[in-house]
Amino acid sequence: MTRLPDIRIADPDDALLAQAHDLLRQHWGDSVVSLGRAVDPYTLPVRVALAGDDFAGCAAYLIEDDELEVVALAATGAVRGTGRALMADMFDVARGAGLRRVKLVTTNDNLRAIGFYQIIGMRIARVGINAIDAARRLKPQIPMTGENGIPIRDEIELEYLTRS
């Protein structure tokens, strides 16, 4: 069996922040639309995943009230377990800040992500039926269909409660 490299999560220096922003731009473009608003992930705090000295992924997040929202998560695909490590870190950041929950939003077509987030302990908290119509007014680049030809229509909000 091949041993996977250890993944370390850290605050980025300037060079890693530039890599994180490049990766986010590849995955998300210039903005992310979440819960009826456009968010600029390039102005948010970012945590990076490193495998040895190699950049493996990042998460941009926003803290409001007693919640941490993972606005954008991206992995290079080079190191298995990067997404899991980044999300575990987001849970730790929220707990350390005394926040009540971690949330994120994906779309109904993103079945792999919806499954992944549930496997790591998140629950579906809300389904925004036809919410992508409003999102497209903020970000017209959102395609009409996504993975496996599934029409992109709904927002799926997932949550992880750090305390009851």
# chains A, B, ... in the order shown; residues from 1 in each chain; ligands from 1
call {"tool": "residues_around", "arguments": {"residues": "segment 35-51 of chain A", "least_positions_apart": "3", "cutoff": "8 Å", "atoms": "only C-alpha atoms", "output": "count of residues only"}}
result
38
call {"tool": "residues_around", "arguments": {"residues": "Glu64 of chain A", "least_positions_apart": "4", "cutoff": "10 Å", "atoms": "only C-alpha atoms", "output": "PDB file with N, CA and C atoms, in the first residue's frame"}}
result
ATOM      1  N   LEU A  68     -18.985  30.305  10.589  1.00  0.00           N
ATOM      2  CA  LEU A  68     -17.903  30.349   9.614  1.00  0.00           C
ATOM      3  C   LEU A  68     -18.463  29.776   8.321  1.00  0.00           C
ATOM      4  N   GLU A  69     -18.412  30.546   7.246  1.00  0.00           N
ATOM      5  CA  GLU A  69     -18.838  30.050   5.949  1.00  0.00           C
ATOM      6  C   GLU A  69     -17.616  29.746   5.108  1.00  0.00           C
ATOM      7  N   LEU A  99     -17.301  29.647  17.552  1.00  0.00           N
ATOM      8  CA  LEU A  99     -18.442  29.780  16.648  1.00  0.00           C
ATOM      9  C   LEU A  99     -19.357  28.569  16.751  1.00  0.00           C
TER      10      LEU A  99
END
call {"tool": "atom_distance", "arguments": {"atom1": "atom CA of Arg163 of chain A", "atom2": "atom CA of Arg95 of chain A"}}
result
8.3 Å
call {"tool": "residues_around", "arguments": {"residues": "Asn148 of chain A", "least_positions_apart": "5", "cutoff": "10 Å", "atoms": "only C-alpha atoms", "output": "NGL selection string"}}
result
:A and (109-111)
call {"tool": "write_last_selection", "arguments": {"atoms": "N, CA and C atoms", "output": "mmCIF file, in the first residue's frame"}}
result
data_model
loop_
_atom_site.group_PDB
_atom_site.id
_atom_site.type_symbol
_atom_site.label_atom_id
_atom_site.label_comp_id
_atom_site.auth_asym_id
_atom_site.auth_seq_id
_atom_site.Cartn_x
_atom_site.Cartn_y
_atom_site.Cartn_z
ATOM 1 N N ASP A 109 -26.312 19.958 -8.618
ATOM 2 C CA ASP A 109 -25.639 19.050 -9.553
ATOM 3 C C ASP A 109 -24.363 18.446 -8.981
ATOM 4 N N ASN A 110 -23.849 19.011 -7.906
ATOM 5 C CA ASN A 110 -22.538 18.640 -7.376
ATOM 6 C C ASN A 110 -22.675 17.455 -6.411
ATOM 7 N N LEU A 111 -23.102 16.340 -6.963
ATOM 8 C CA LEU A 111 -23.417 15.160 -6.154
ATOM 9 C C LEU A 111 -22.206 14.638 -5.392
#
call {"tool": "select_by_dssp", "arguments": {"residues": "segment 6-138 of chain A", "states": "alpha helix (DSSP H)", "output": "count of residues only"}}
result
47
call {"tool": "select_by_dssp", "arguments": {"residues": "segment 36-120 of chain A", "states": "strand (DSSP E or B)", "output": "number ranges by chain"}}
result
A: 37-39, 46-51, 54-64, 67-75, 101-107
call {"tool": "residues_around", "arguments": {"residues": "Ile114 of chain A", "least_positions_apart": "5", "cutoff": "12 Å", "atoms": "only C-alpha atoms", "output": "count of residues only"}}
result
19
call {"tool": "atom_distance", "arguments": {"atom1": "atom CA of Ala15 of chain A", "atom2": "atom CA of Leu73 of chain A"}}
result
18.3 Å
call {"tool": "residues_around", "arguments": {"residues": "segment 140-142 of chain A", "least_positions_apart": "3", "cutoff": "10 Å", "atoms": "only C-alpha atoms", "output": "CSV table (one decimal) with C-alpha atoms, in the first residue's frame"}}
result
chain,number,residue,atom,x,y,z
A,28,TRP,CA,-14.5,29.9,-9.2
A,29,GLY,CA,-13.6,32.8,-11.4
A,32,VAL,CA,-18.5,33.2,-5.7
A,33,VAL,CA,-22.3,33.6,-5.3
A,132,ILE,CA,-29.6,29.7,-8.9
A,133,ASP,CA,-31.9,31.9,-11.0
A,134,ALA,CA,-31.0,34.8,-8.7
A,135,ALA,CA,-27.4,33.7,-8.5
A,136,ARG,CA,-27.1,34.0,-12.3
A,137,ARG,CA,-28.2,37.6,-12.1
A,145,THR,CA,-26.0,22.4,-16.6
A,146,GLY,CA,-23.3,20.8,-14.4
A,152,ILE,CA,-28.1,23.6,-12.1
call {"tool": "atom_distance", "arguments": {"atom1": "atom CA of Asp154 of chain A", "atom2": "atom CA of Arg100 of chain A"}}
result
25.0 Å
call {"tool": "closest_residue", "arguments": {"among": "A:Met144, A:Gln19, A:Ser34, A:Asp66", "to": "Gly96 of chain A", "atoms": "only C-alpha atoms"}}
result
A:Asp66
